[in-house]
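Source file: run_12.json (JSON, N, CA, C and O atoms)
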```json
[["chain", "number", "residue", "atom", "x", "y", "z"],
["A", 1, "GLY", "N", 147.75, 133.41, 151.95],
["A", 1, "GLY", "CA", 146.95, 134.39, 152.63],
["A", 1, "GLY", "C", 145.47, 134.09, 152.53],
["A", 1, "GLY", "O", 145.01, 133.41, 151.63],
["A", 2, "ALA", "N", 144.77, 134.60, 153.50],
["A", 2, "ALA", "CA", 143.31, 134.44, 153.54],
["A", 2, "ALA", "C", 142.65, 135.47, 152.64],
["A", 2, "ALA", "O", 143.17, 136.55, 152.41],
["A", 3, "TRP", "N", 141.47, 135.13, 152.16],
["A", 3, "TRP", "CA", 140.69, 136.06, 151.32],
["A", 3, "TRP", "C", 139.83, 136.90, 152.25],
["A", 3, "TRP", "O", 138.62, 136.73, 152.34],
["A", 4, "THR", "N", 140.45, 137.83, 152.96],
["A", 4, "THR", "CA", 139.71, 138.64, 153.93],
["A", 4, "THR", "C", 139.49, 140.07, 153.47],
["A", 4, "THR", "O", 138.75, 140.81, 154.11],
["A", 5, "ASN", "N", 140.14, 140.49, 152.40],
["A", 5, "ASN", "CA", 139.99, 141.86, 151.91],
["A", 5, "ASN", "C", 139.13, 141.86, 150.65],
["A", 5, "ASN", "O", 139.60, 141.52, 149.57],
["A", 6, "TRP", "N", 137.86, 142.25, 150.78],
["A", 6, "TRP", "CA", 136.93, 142.25, 149.66],
["A", 6, "TRP", "C", 136.79, 143.66, 149.11],
["A", 6, "TRP", "O", 136.74, 144.62, 149.85],
["A", 7, "VAL", "N", 136.72, 143.77, 147.82],
["A", 7, "VAL", "CA", 136.57, 145.07, 147.17],
["A", 7, "VAL", "C", 135.54, 144.92, 146.05],
["A", 7, "VAL", "O", 135.61, 143.98, 145.26],
["A", 8, "ASP", "N", 134.59, 145.84, 146.00],
["A", 8, "ASP", "CA", 133.65, 145.91, 144.88],
["A", 8, "ASP", "C", 134.15, 146.97, 143.92],
["A", 8, "ASP", "O", 134.53, 148.07, 144.33],
["A", 9, "VAL", "N", 134.16, 146.65, 142.63],
["A", 9, "VAL", "CA", 134.61, 147.59, 141.62],
["A", 9, "VAL", "C", 133.54, 147.66, 140.54],
["A", 9, "VAL", "O", 133.04, 146.63, 140.08],
["A", 10, "THR", "N", 133.20, 148.88, 140.13],
["A", 10, "THR", "CA", 132.26, 149.08, 139.04],
["A", 10, "THR", "C", 133.00, 149.71, 137.87],
["A", 10, "THR", "O", 133.69, 150.72, 138.03],
["A", 11, "LEU", "N", 132.88, 149.10, 136.72],
["A", 11, "LEU", "CA", 133.49, 149.62, 135.50],
["A", 11, "LEU", "C", 132.40, 149.81, 134.46],
["A", 11, "LEU", "O", 131.54, 148.94, 134.31],
["A", 12, "THR", "N", 132.46, 150.90, 133.74],
["A", 12, "THR", "CA", 131.55, 151.12, 132.62],
["A", 12, "THR", "C", 132.35, 150.98, 131.34],
["A", 12, "THR", "O", 133.36, 151.67, 131.15],
["A", 13, "VAL", "N", 131.94, 150.06, 130.50],
["A", 13, "VAL", "CA", 132.65, 149.81, 129.25],
["A", 13, "VAL", "C", 131.64, 149.78, 128.10],
["A", 13, "VAL", "O", 130.50, 149.35, 128.28],
["A", 14, "PRO", "N", 132.05, 150.24, 126.93],
["A", 14, "PRO", "CA", 131.14, 150.19, 125.78],
["A", 14, "PRO", "C", 131.03, 148.76, 125.24],
["A", 14, "PRO", "O", 132.04, 148.07, 125.10],
["A", 15, "LEU", "N", 129.81, 148.34, 124.98],
["A", 15, "LEU", "CA", 129.57, 147.03, 124.38],
["A", 15, "LEU", "C", 128.80, 147.23, 123.08],
["A", 15, "LEU", "O", 128.01, 148.16, 122.95],
["A", 16, "GLN", "N", 129.04, 146.34, 122.14],
["A", 16, "GLN", "CA", 128.32, 146.38, 120.89],
["A", 16, "GLN", "C", 127.12, 145.45, 120.98],
["A", 16, "GLN", "O", 127.11, 144.52, 121.79],
["A", 17, "ALA", "N", 126.11, 145.69, 120.17],
["A", 17, "ALA", "CA", 124.97, 144.78, 120.11],
["A", 17, "ALA", "C", 125.46, 143.41, 119.67],
["A", 17, "ALA", "O", 126.36, 143.30, 118.84],
["A", 18, "GLY", "N", 124.93, 142.36, 120.29],
["A", 18, "GLY", "CA", 125.35, 141.01, 119.94],
["A", 18, "GLY", "C", 126.41, 140.50, 120.90],
["A", 18, "GLY", "O", 126.52, 140.94, 122.03],
["A", 19, "ALA", "N", 127.21, 139.58, 120.41],
["A", 19, "ALA", "CA", 128.23, 138.93, 121.25],
["A", 19, "ALA", "C", 129.42, 139.85, 121.49],
["A", 19, "ALA", "O", 129.85, 140.57, 120.59],
["A", 20, "ASN", "N", 129.92, 139.85, 122.72],
["A", 20, "ASN", "CA", 131.11, 140.60, 123.11],
["A", 20, "ASN", "C", 132.01, 139.67, 123.91],
["A", 20, "ASN", "O", 131.53, 138.76, 124.57],
["A", 21, "THR", "N", 133.31, 139.90, 123.85],
["A", 21, "THR", "CA", 134.26, 139.14, 124.64],
["A", 21, "THR", "C", 134.74, 140.01, 125.79],
["A", 21, "THR", "O", 135.15, 141.15, 125.57],
["A", 22, "ILE", "N", 134.66, 139.48, 127.01],
["A", 22, "ILE", "CA", 135.14, 140.19, 128.18],
["A", 22, "ILE", "C", 136.32, 139.42, 128.73],
["A", 22, "ILE", "O", 136.21, 138.24, 129.04],
["A", 23, "ARG", "N", 137.46, 140.08, 128.82],
["A", 23, "ARG", "CA", 138.70, 139.43, 129.26],
["A", 23, "ARG", "C", 139.16, 140.08, 130.56],
["A", 23, "ARG", "O", 139.23, 141.30, 130.66],
["A", 24, "VAL", "N", 139.48, 139.26, 131.54],
["A", 24, "VAL", "CA", 140.05, 139.74, 132.81],
["A", 24, "VAL", "C", 141.53, 139.38, 132.78],
["A", 24, "VAL", "O", 141.88, 138.22, 132.68],
["A", 25, "SER", "N", 142.38, 140.39, 132.85],
["A", 25, "SER", "CA", 143.82, 140.18, 132.76],
["A", 25, "SER", "C", 144.53, 140.78, 133.97],
["A", 25, "SER", "O", 144.10, 141.79, 134.50],
["A", 26, "ALA", "N", 145.62, 140.15, 134.35],
["A", 26, "ALA", "CA", 146.44, 140.67, 135.44],
["A", 26, "ALA", "C", 147.09, 141.97, 135.01],
["A", 26, "ALA", "O", 147.56, 142.10, 133.88],
["A", 27, "THR", "N", 147.11, 142.95, 135.92],
["A", 27, "THR", "CA", 147.79, 144.22, 135.64],
["A", 27, "THR", "C", 148.96, 144.44, 136.60],
["A", 27, "THR", "O", 149.64, 145.45, 136.50],
["A", 28, "THR", "N", 149.18, 143.49, 137.51],
["A", 28, "THR", "CA", 150.30, 143.56, 138.44],
["A", 28, "THR", "C", 150.95, 142.18, 138.52],
["A", 28, "THR", "O", 150.42, 141.19, 138.01],
["A", 29, "ALA", "N", 152.07, 142.10, 139.21],
["A", 29, "ALA", "CA", 152.77, 140.83, 139.39],
["A", 29, "ALA", "C", 151.98, 139.87, 140.28],
["A", 29, "ALA", "O", 152.27, 138.68, 140.32],
["A", 30, "ASN", "N", 150.96, 140.38, 141.01],
["A", 30, "ASN", "CA", 150.17, 139.53, 141.90],
["A", 30, "ASN", "C", 149.15, 138.68, 141.17],
["A", 30, "ASN", "O", 148.48, 137.86, 141.76],
["A", 31, "GLY", "N", 148.98, 138.90, 139.89],
["A", 31, "GLY", "CA", 148.05, 138.09, 139.12],
["A", 31, "GLY", "C", 146.69, 138.74, 138.99],
["A", 31, "GLY", "O", 146.46, 139.87, 139.41],
["A", 32, "ALA", "N", 145.78, 138.02, 138.37],
["A", 32, "ALA", "CA", 144.43, 138.51, 138.10],
["A", 32, "ALA", "C", 143.59, 138.49, 139.39],
["A", 32, "ALA", "O", 143.92, 137.79, 140.34],
["A", 33, "PRO", "N", 142.50, 139.24, 139.41],
["A", 33, "PRO", "CA", 141.65, 139.26, 140.60],
["A", 33, "PRO", "C", 140.87, 137.96, 140.76],
["A", 33, "PRO", "O", 140.68, 137.22, 139.79],
["A", 34, "ASN", "N", 140.41, 137.72, 141.96],
["A", 34, "ASN", "CA", 139.50, 136.61, 142.23],
["A", 34, "ASN", "C", 138.10, 137.13, 141.93],
["A", 34, "ASN", "O", 137.47, 137.76, 142.75],
["A", 35, "LEU", "N", 137.64, 136.89, 140.72],
["A", 35, "LEU", "CA", 136.36, 137.42, 140.25],
["A", 35, "LEU", "C", 135.25, 136.46, 140.62],
["A", 35, "LEU", "O", 135.23, 135.31, 140.18],
["A", 36, "ASP", "N", 134.31, 136.94, 141.46],
["A", 36, "ASP", "CA", 133.21, 136.10, 141.90],
["A", 36, "ASP", "C", 131.91, 136.38, 141.18],
["A", 36, "ASP", "O", 131.03, 135.53, 141.14],
["A", 37, "TYR", "N", 131.76, 137.57, 140.61],
["A", 37, "TYR", "CA", 130.47, 137.94, 140.06],
["A", 37, "TYR", "C", 130.66, 138.98, 138.96],
["A", 37, "TYR", "O", 131.46, 139.89, 139.11],
["A", 38, "LEU", "N", 129.92, 138.83, 137.86],
["A", 38, "LEU", "CA", 129.95, 139.78, 136.76],
["A", 38, "LEU", "C", 128.52, 140.03, 136.34],
["A", 38, "LEU", "O", 127.78, 139.10, 136.03],
["A", 39, "ASP", "N", 128.11, 141.30, 136.36],
["A", 39, "ASP", "CA", 126.75, 141.68, 135.99],
["A", 39, "ASP", "C", 126.82, 142.55, 134.76],
["A", 39, "ASP", "O", 127.54, 143.54, 134.73],
["A", 40, "VAL", "N", 126.08, 142.18, 133.72],
["A", 40, "VAL", "CA", 126.03, 142.96, 132.49],
["A", 40, "VAL", "C", 124.60, 143.40, 132.28],
["A", 40, "VAL", "O", 123.69, 142.58, 132.27],
["A", 41, "GLU", "N", 124.41, 144.71, 132.16],
["A", 41, "GLU", "CA", 123.06, 145.25, 131.95],
["A", 41, "GLU", "C", 122.95, 145.87, 130.58],
["A", 41, "GLU", "O", 123.86, 146.43, 130.07]]
```
Let's see the structure in the file written out as structure tokens.
Amino acid sequence: GAWTNWVDVTLTVPLQAGANTIRVSATTANGAPNLDYLDVE
């Protein structure tokens, strides 16, 4: 299939000062998302 359906998702998660690990995991049988951009503020 073509990548024609784009979706923006905003998640707010607690982070600790210093290094944090961010893991993207599949939640359906279709696999993990095609992640193009991650912004941490």
Worksheet item: For the atom pair atom CA of A:Thr21 and atom CA of A:Val7, what is the interatomic distance in Å to one decimal place?
Response: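 Spanning atom CA of A:Thr21 to atom CA of A:Val7 is a straight-line distance of 23.4 Å.
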Practice prompt. Can you work out the spacing between atom CA of A:Thr28 and atom O of A:Gln16 in Å, to one decimal?
Written response: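 These two atoms are separated by 28.6 Å.
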Item to complete: Just give me the gap between atom C of A:Asp8 and atom C of A:Gly31 in Å, one decimal is fine.
Response: 15.8 Å
Item to complete: Taking the point (128.8, 139.8, 129.8) as given in the file, collect each protein or nucleic acid residue that comes within 8 Å of it, counting all atoms listed in the file, and present the set as a count of residues only.
Response: 7
